[in-house]
Amino acid sequence: MRKIFLLATLLMMILSATAFAEEADEKFPDEIFEKVDDLEVDQPDEVYVYTSEDFQYTITCPIKPLAVVQNPWEDPAKRGEMLVFDADGWDIRYAYYICVNAWDPDDKTIPDFNKGNTAAIGSYLSDLKNNSLFGDAKLVSITKNNKGIYAVTAASFEVTNKDTGEVEGEFVADRQDLYTFFRSPQGRCISIQLVTPDFSKTFVNTYRGSVMSFVDNSDKKPKNKKDKDKKDKDKKDKDKKDKDKKDKK
């Protein structure tokens, strides 16, 4: 069990994504981590390719999202989207939460998962497992050239009074979620969270395939802006020429 000092903070972090009640599976972490380093992922025959113009990324999805919710987190500083595939009223049953600024790229406490010191990465993973909301975390290959962190939230937490150090109770999470954290080749810090009612191999492999398919389109923004500026200039020049011709007549 993880020790958390502030119950209010804990609740906000756990419930920032709309929760649905599912009994926690204590064997869940071992099952999902069984073959996380194997890049051979069984993908469904048909996938939906989703591109976000607002947050500049592309990702494959199991189906076309029923809804897309921008910036669904309690934290207003986070940027990204929730892609909803299944919901029962307000209860989100199947979704991806994609955050494109999951942490500060200049934060020196988070090592480079590709080139960082082995001891520093190990210490970071240990800290995630012992001093955070995660029950387990591992370094994995996102693609052949890019590594990241694959983590699962803990099933229960000890809530400790920060002033007295005494355990005030135990918080049992409604669900456990999968997270993958990695830096894109463009340098953005990405988090992709899986919410699902079914942690079968099919669902987990589909999620892993989606993570591996993620493409950061942020480097295309300047080019698109340049093209737009050129088109705007060409239009203005054409309008000016047309006006001059009209005036001469």
# chains A, B, ... in the order shown; residues from 1 in each chain; ligands from 1
$ residues_around --residues "segment 111-116 of chain A" --least-positions-apart "3" --cutoff "9 Å" --atoms "only C-alpha atoms" --output "JSON, numbers by chain"
{"A": [107, 108, 119, 120, 121, 124, 139, 145, 146, 147, 148, 149, 182, 183]}
$ select_by_dssp --residues "segment 135-170 of chain A" --states "strand (DSSP E)" --output "number ranges by chain"
A: 135-143, 146-153, 156-160, 167-170
$ write_last_selection --atoms "N, CA, C and O atoms" --output "CSV table (one decimal), in the first residue's frame"
chain,number,residue,atom,x,y,z
A,135,GLY,N,1.2,1.6,-8.2
A,135,GLY,CA,1.5,0.4,-7.5
A,135,GLY,C,2.7,-0.3,-8.1
A,135,GLY,O,3.4,-1.1,-7.4
A,136,ASP,N,2.9,-0.1,-9.4
A,136,ASP,CA,4.1,-0.6,-10.1
A,136,ASP,C,4.4,0.2,-11.3
A,136,ASP,O,3.6,0.9,-11.8
A,137,ALA,N,5.7,0.2,-11.7
A,137,ALA,CA,6.2,1.0,-12.8
A,137,ALA,C,7.4,0.3,-13.4
A,137,ALA,O,8.2,-0.2,-12.6
A,138,LYS,N,7.5,0.3,-14.7
A,138,LYS,CA,8.6,-0.3,-15.4
A,138,LYS,C,9.1,0.6,-16.5
A,138,LYS,O,8.3,1.3,-17.1
A,139,LEU,N,10.4,0.4,-16.9
A,139,LEU,CA,10.9,1.0,-18.1
A,139,LEU,C,10.7,0.1,-19.2
A,139,LEU,O,11.0,-1.1,-19.2
A,140,VAL,N,10.0,0.6,-20.3
A,140,VAL,CA,9.7,-0.2,-21.4
A,140,VAL,C,10.0,0.5,-22.8
A,140,VAL,O,10.3,1.7,-22.8
A,141,SER,N,10.0,-0.3,-23.8
A,141,SER,CA,10.2,0.3,-25.2
A,141,SER,C,8.9,0.7,-25.7
A,141,SER,O,8.0,-0.1,-25.9
A,142,ILE,N,8.8,2.0,-26.0
A,142,ILE,CA,7.6,2.5,-26.7
A,142,ILE,C,7.7,2.1,-28.2
A,142,ILE,O,6.8,1.6,-28.8
A,143,THR,N,8.8,2.5,-28.8
A,143,THR,CA,9.2,2.0,-30.1
A,143,THR,C,10.6,1.5,-30.0
A,143,THR,O,11.2,1.5,-28.9
A,146,ASN,N,12.7,4.5,-28.8
A,146,ASN,CA,12.2,5.4,-27.7
A,146,ASN,C,11.7,4.6,-26.6
A,146,ASN,O,10.8,3.7,-26.7
A,147,LYS,N,12.2,4.9,-25.4
A,147,LYS,CA,11.7,4.2,-24.2
A,147,LYS,C,10.8,5.2,-23.3
A,147,LYS,O,10.8,6.4,-23.5
A,148,GLY,N,10.0,4.5,-22.4
A,148,GLY,CA,9.2,5.3,-21.6
A,148,GLY,C,8.9,4.5,-20.3
A,148,GLY,O,9.4,3.4,-20.1
A,149,ILE,N,7.9,5.0,-19.5
A,149,ILE,CA,7.5,4.4,-18.3
A,149,ILE,C,6.1,3.8,-18.4
A,149,ILE,O,5.2,4.5,-18.9
A,150,TYR,N,5.9,2.6,-18.1
A,150,TYR,CA,4.6,1.9,-18.1
A,150,TYR,C,4.3,1.7,-16.6
A,150,TYR,O,5.0,1.1,-15.9
A,151,ALA,N,3.1,2.2,-16.2
A,151,ALA,CA,2.8,2.2,-14.8
A,151,ALA,C,1.3,1.9,-14.6
A,151,ALA,O,0.5,2.2,-15.4
A,152,VAL,N,1.0,1.3,-13.4
A,152,VAL,CA,-0.4,1.0,-13.0
A,152,VAL,C,-0.6,1.6,-11.7
A,152,VAL,O,0.2,1.6,-10.8
A,153,THR,N,-1.8,2.2,-11.5
A,153,THR,CA,-2.1,2.8,-10.2
A,153,THR,C,-2.4,1.8,-9.2
A,153,THR,O,-2.8,0.7,-9.5
A,156,SER,N,-4.9,0.3,-3.4
A,156,SER,CA,-5.3,0.9,-2.1
A,156,SER,C,-4.2,1.8,-1.6
A,156,SER,O,-3.0,1.7,-2.0
A,157,PHE,N,-4.5,2.7,-0.7
A,157,PHE,CA,-3.5,3.7,-0.2
A,157,PHE,C,-3.8,3.9,1.3
A,157,PHE,O,-4.9,3.9,1.8
A,158,GLU,N,-2.7,4.0,2.0
A,158,GLU,CA,-2.8,4.5,3.4
A,158,GLU,C,-2.8,6.0,3.5
A,158,GLU,O,-2.0,6.6,2.9
A,159,VAL,N,-3.8,6.5,4.1
A,159,VAL,CA,-3.9,8.0,4.3
A,159,VAL,C,-3.3,8.4,5.6
A,159,VAL,O,-3.8,8.0,6.7
A,160,THR,N,-2.2,9.2,5.6
A,160,THR,CA,-1.5,9.5,6.7
A,160,THR,C,-1.6,11.0,7.0
A,160,THR,O,-1.5,11.8,6.1
A,167,VAL,N,-1.4,7.0,10.7
A,167,VAL,CA,-2.3,6.5,9.6
A,167,VAL,C,-3.8,6.7,10.0
A,167,VAL,O,-4.2,6.2,11.1
A,168,GLU,N,-4.5,7.4,9.2
A,168,GLU,CA,-5.9,7.8,9.5
A,168,GLU,C,-6.9,6.8,8.9
A,168,GLU,O,-8.0,6.8,9.2
A,169,GLY,N,-6.4,6.0,7.9
A,169,GLY,CA,-7.3,5.1,7.3
A,169,GLY,C,-6.8,4.6,6.0
A,169,GLY,O,-5.6,4.9,5.6
A,170,GLU,N,-7.6,3.8,5.3
A,170,GLU,CA,-7.2,3.3,4.0
A,170,GLU,C,-8.2,3.7,2.9
A,170,GLU,O,-9.4,3.7,3.1
$ residues_around --residues "segment 68-72 of chain A" --least-positions-apart "6" --cutoff "10 Å" --atoms "only C-alpha atoms" --output "list in words"
Ser16, Ala17, Thr18, Ser52, Asp54, Phe55, Lys78, Arg79, Gly80, Glu81, Met82, Leu83, Val84, Phe85, Ala95, Tyr96, Tyr97, Ile98 and Cys99 of chain A
$ atom_distance --atom1 "atom CA of Ala154 of chain A" --atom2 "atom CA of Phe134 of chain A"
4.9 Å
$ select_by_dssp --residues "segment 90-124 of chain A" --states "helix (DSSP H, G or I)" --output "ChimeraX atom specification"
/A:118-124
$ closest_residue --among "A:Trp73, A:Tyr94, A:Tyr50, A:Tyr57" --to "Pro197 of chain A" --atoms "only C-alpha atoms"
A:Tyr94
$ atom_distance --atom1 "atom CA of Ser213 of chain A" --atom2 "atom CA of Thr60 of chain A"
6.2 Å
$ closest_residue --among "A:Val100, A:Thr196, A:Val204, A:Asn161" --to "Ser184 of chain A" --atoms "only C-alpha atoms"
A:Val100
$ closest_residue --among "A:Ile110, A:Asn101, A:Ser200, A:Ala155" --to "Gln56 of chain A" --atoms "only C-alpha atoms"
A:Asn101
$ decode --residues "segment 88-122 of chain A" --atoms "N, CA, C and O atoms" --output "mmCIF file, in the first residue's frame"
data_model
loop_
_atom_site.group_PDB
_atom_site.id
_atom_site.type_symbol
_atom_site.label_atom_id
_atom_site.label_comp_id
_atom_site.auth_asym_id
_atom_site.auth_seq_id
_atom_site.Cartn_x
_atom_site.Cartn_y
_atom_site.Cartn_z
ATOM 1 N N ASP A 88 -21.459 5.205 -19.799
ATOM 2 C CA ASP A 88 -22.812 4.966 -19.304
ATOM 3 C C ASP A 88 -23.236 6.229 -18.579
ATOM 4 O O ASP A 88 -22.926 6.420 -17.414
ATOM 5 N N GLY A 89 -23.924 7.098 -19.295
ATOM 6 C CA GLY A 89 -24.259 8.402 -18.719
ATOM 7 C C GLY A 89 -22.986 9.201 -18.510
ATOM 8 O O GLY A 89 -22.213 9.410 -19.433
ATOM 9 N N TRP A 90 -22.769 9.623 -17.255
ATOM 10 C CA TRP A 90 -21.568 10.381 -16.921
ATOM 11 C C TRP A 90 -20.393 9.483 -16.567
ATOM 12 O O TRP A 90 -19.281 9.972 -16.341
ATOM 13 N N ASP A 91 -20.607 8.180 -16.488
ATOM 14 C CA ASP A 91 -19.537 7.257 -16.131
ATOM 15 C C ASP A 91 -18.746 6.862 -17.381
ATOM 16 O O ASP A 91 -19.293 6.248 -18.298
ATOM 17 N N ILE A 92 -17.479 7.203 -17.395
ATOM 18 C CA ILE A 92 -16.610 6.858 -18.515
ATOM 19 C C ILE A 92 -16.122 5.428 -18.324
ATOM 20 O O ILE A 92 -15.443 5.115 -17.355
ATOM 21 N N ARG A 93 -16.476 4.549 -19.251
ATOM 22 C CA ARG A 93 -16.142 3.140 -19.108
ATOM 23 C C ARG A 93 -14.925 2.726 -19.947
ATOM 24 O O ARG A 93 -14.260 1.755 -19.625
ATOM 25 N N TYR A 94 -14.682 3.441 -21.021
ATOM 26 C CA TYR A 94 -13.551 3.077 -21.881
ATOM 27 C C TYR A 94 -13.064 4.357 -22.549
ATOM 28 O O TYR A 94 -13.815 5.007 -23.286
ATOM 29 N N ALA A 95 -11.798 4.720 -22.287
ATOM 30 C CA ALA A 95 -11.302 5.984 -22.820
ATOM 31 C C ALA A 95 -9.779 6.032 -22.766
ATOM 32 O O ALA A 95 -9.136 5.288 -22.025
ATOM 33 N N TYR A 96 -9.221 6.925 -23.563
ATOM 34 C CA TYR A 96 -7.816 7.302 -23.464
ATOM 35 C C TYR A 96 -7.767 8.761 -23.005
ATOM 36 O O TYR A 96 -8.474 9.609 -23.551
ATOM 37 N N TYR A 97 -6.933 9.027 -22.014
ATOM 38 C CA TYR A 97 -6.643 10.404 -21.621
ATOM 39 C C TYR A 97 -5.248 10.720 -22.133
ATOM 40 O O TYR A 97 -4.268 10.091 -21.712
ATOM 41 N N ILE A 98 -5.139 11.676 -23.032
ATOM 42 C CA ILE A 98 -3.862 11.993 -23.659
ATOM 43 C C ILE A 98 -3.437 13.394 -23.257
ATOM 44 O O ILE A 98 -4.093 14.382 -23.608
ATOM 45 N N CYS A 99 -2.360 13.481 -22.489
ATOM 46 C CA CYS A 99 -1.832 14.760 -22.021
ATOM 47 C C CYS A 99 -0.521 15.038 -22.754
ATOM 48 O O CYS A 99 0.380 14.197 -22.758
ATOM 49 N N VAL A 100 -0.410 16.214 -23.366
ATOM 50 C CA VAL A 100 0.771 16.521 -24.172
ATOM 51 C C VAL A 100 1.807 17.350 -23.403
ATOM 52 O O VAL A 100 2.868 17.676 -23.947
ATOM 53 N N ASN A 101 1.490 17.716 -22.150
ATOM 54 C CA ASN A 101 2.477 18.393 -21.296
ATOM 55 C C ASN A 101 2.412 17.783 -19.896
ATOM 56 O O ASN A 101 2.176 18.462 -18.905
ATOM 57 N N ALA A 102 2.626 16.467 -19.841
ATOM 58 C CA ALA A 102 2.441 15.712 -18.599
ATOM 59 C C ALA A 102 3.400 16.127 -17.494
ATOM 60 O O ALA A 102 3.094 15.978 -16.313
ATOM 61 N N TRP A 103 4.585 16.608 -17.856
ATOM 62 C CA TRP A 103 5.522 17.148 -16.870
ATOM 63 C C TRP A 103 6.410 18.177 -17.548
ATOM 64 O O TRP A 103 6.435 18.300 -18.768
ATOM 65 N N ASP A 104 7.114 18.955 -16.739
ATOM 66 C CA ASP A 104 7.986 20.009 -17.242
ATOM 67 C C ASP A 104 9.226 19.375 -17.873
ATOM 68 O O ASP A 104 9.956 18.636 -17.202
ATOM 69 N N PRO A 105 9.482 19.624 -19.155
ATOM 70 C CA PRO A 105 10.655 19.006 -19.800
ATOM 71 C C PRO A 105 11.981 19.421 -19.166
ATOM 72 O O PRO A 105 12.991 18.748 -19.343
ATOM 73 N N ASP A 106 11.969 20.521 -18.413
ATOM 74 C CA ASP A 106 13.189 20.990 -17.748
ATOM 75 C C ASP A 106 13.333 20.447 -16.330
ATOM 76 O O ASP A 106 14.286 20.796 -15.632
ATOM 77 N N ASP A 107 12.388 19.605 -15.906
ATOM 78 C CA ASP A 107 12.439 19.022 -14.566
ATOM 79 C C ASP A 107 13.574 17.995 -14.492
ATOM 80 O O ASP A 107 13.504 16.920 -15.083
ATOM 81 N N LYS A 108 14.629 18.329 -13.764
ATOM 82 C CA LYS A 108 15.813 17.480 -13.689
ATOM 83 C C LYS A 108 15.602 16.246 -12.812
ATOM 84 O O LYS A 108 16.432 15.329 -12.822
ATOM 85 N N THR A 109 14.494 16.217 -12.049
ATOM 86 C CA THR A 109 14.246 15.044 -11.205
ATOM 87 C C THR A 109 13.715 13.870 -12.015
ATOM 88 O O THR A 109 13.685 12.735 -11.528
ATOM 89 N N ILE A 110 13.284 14.131 -13.248
ATOM 90 C CA ILE A 110 12.789 13.069 -14.130
ATOM 91 C C ILE A 110 13.867 12.758 -15.157
ATOM 92 O O ILE A 110 14.185 13.597 -15.998
ATOM 93 N N PRO A 111 14.465 11.583 -15.098
ATOM 94 C CA PRO A 111 15.597 11.272 -15.983
ATOM 95 C C PRO A 111 15.179 11.093 -17.432
ATOM 96 O O PRO A 111 14.008 10.895 -17.742
ATOM 97 N N ASP A 112 16.163 11.171 -18.300
ATOM 98 C CA ASP A 112 15.962 10.851 -19.715
ATOM 99 C C ASP A 112 15.830 9.336 -19.804
ATOM 100 O O ASP A 112 16.763 8.600 -19.476
ATOM 101 N N PHE A 113 14.663 8.854 -20.241
ATOM 102 C CA PHE A 113 14.417 7.415 -20.268
ATOM 103 C C PHE A 113 15.273 6.692 -21.295
ATOM 104 O O PHE A 113 15.434 5.470 -21.232
ATOM 105 N N ASN A 114 15.825 7.423 -22.273
ATOM 106 C CA ASN A 114 16.651 6.806 -23.306
ATOM 107 C C ASN A 114 18.143 6.884 -22.994
ATOM 108 O O ASN A 114 18.876 5.923 -23.190
ATOM 109 N N LYS A 115 18.584 8.035 -22.501
ATOM 110 C CA LYS A 115 20.013 8.250 -22.304
ATOM 111 C C LYS A 115 20.391 8.467 -20.836
ATOM 112 O O LYS A 115 21.564 8.682 -20.531
ATOM 113 N N GLY A 116 19.400 8.420 -19.957
ATOM 114 C CA GLY A 116 19.659 8.703 -18.558
ATOM 115 C C GLY A 116 20.500 7.643 -17.872
ATOM 116 O O GLY A 116 20.606 6.499 -18.339
ATOM 117 N N ASN A 117 21.098 8.042 -16.748
ATOM 118 C CA ASN A 117 21.882 7.129 -15.942
ATOM 119 C C ASN A 117 21.008 5.992 -15.427
ATOM 120 O O ASN A 117 19.901 6.210 -14.965
ATOM 121 N N THR A 118 21.508 4.762 -15.531
ATOM 122 C CA THR A 118 20.732 3.587 -15.114
ATOM 123 C C THR A 118 20.307 3.676 -13.652
ATOM 124 O O THR A 118 19.167 3.361 -13.304
ATOM 125 N N ALA A 119 21.206 4.123 -12.804
ATOM 126 C CA ALA A 119 20.893 4.243 -11.376
ATOM 127 C C ALA A 119 19.814 5.292 -11.146
ATOM 128 O O ALA A 119 18.915 5.105 -10.310
ATOM 129 N N ALA A 120 19.871 6.407 -11.897
ATOM 130 C CA ALA A 120 18.885 7.478 -11.738
ATOM 131 C C ALA A 120 17.502 7.004 -12.177
ATOM 132 O O ALA A 120 16.500 7.310 -11.535
ATOM 133 N N ILE A 121 17.455 6.240 -13.274
ATOM 134 C CA ILE A 121 16.180 5.708 -13.747
ATOM 135 C C ILE A 121 15.610 4.712 -12.737
ATOM 136 O O ILE A 121 14.417 4.724 -12.425
ATOM 137 N N GLY A 122 16.483 3.857 -12.203
ATOM 138 C CA GLY A 122 16.049 2.893 -11.194
ATOM 139 C C GLY A 122 15.516 3.577 -9.953
ATOM 140 O O GLY A 122 14.499 3.154 -9.387
#
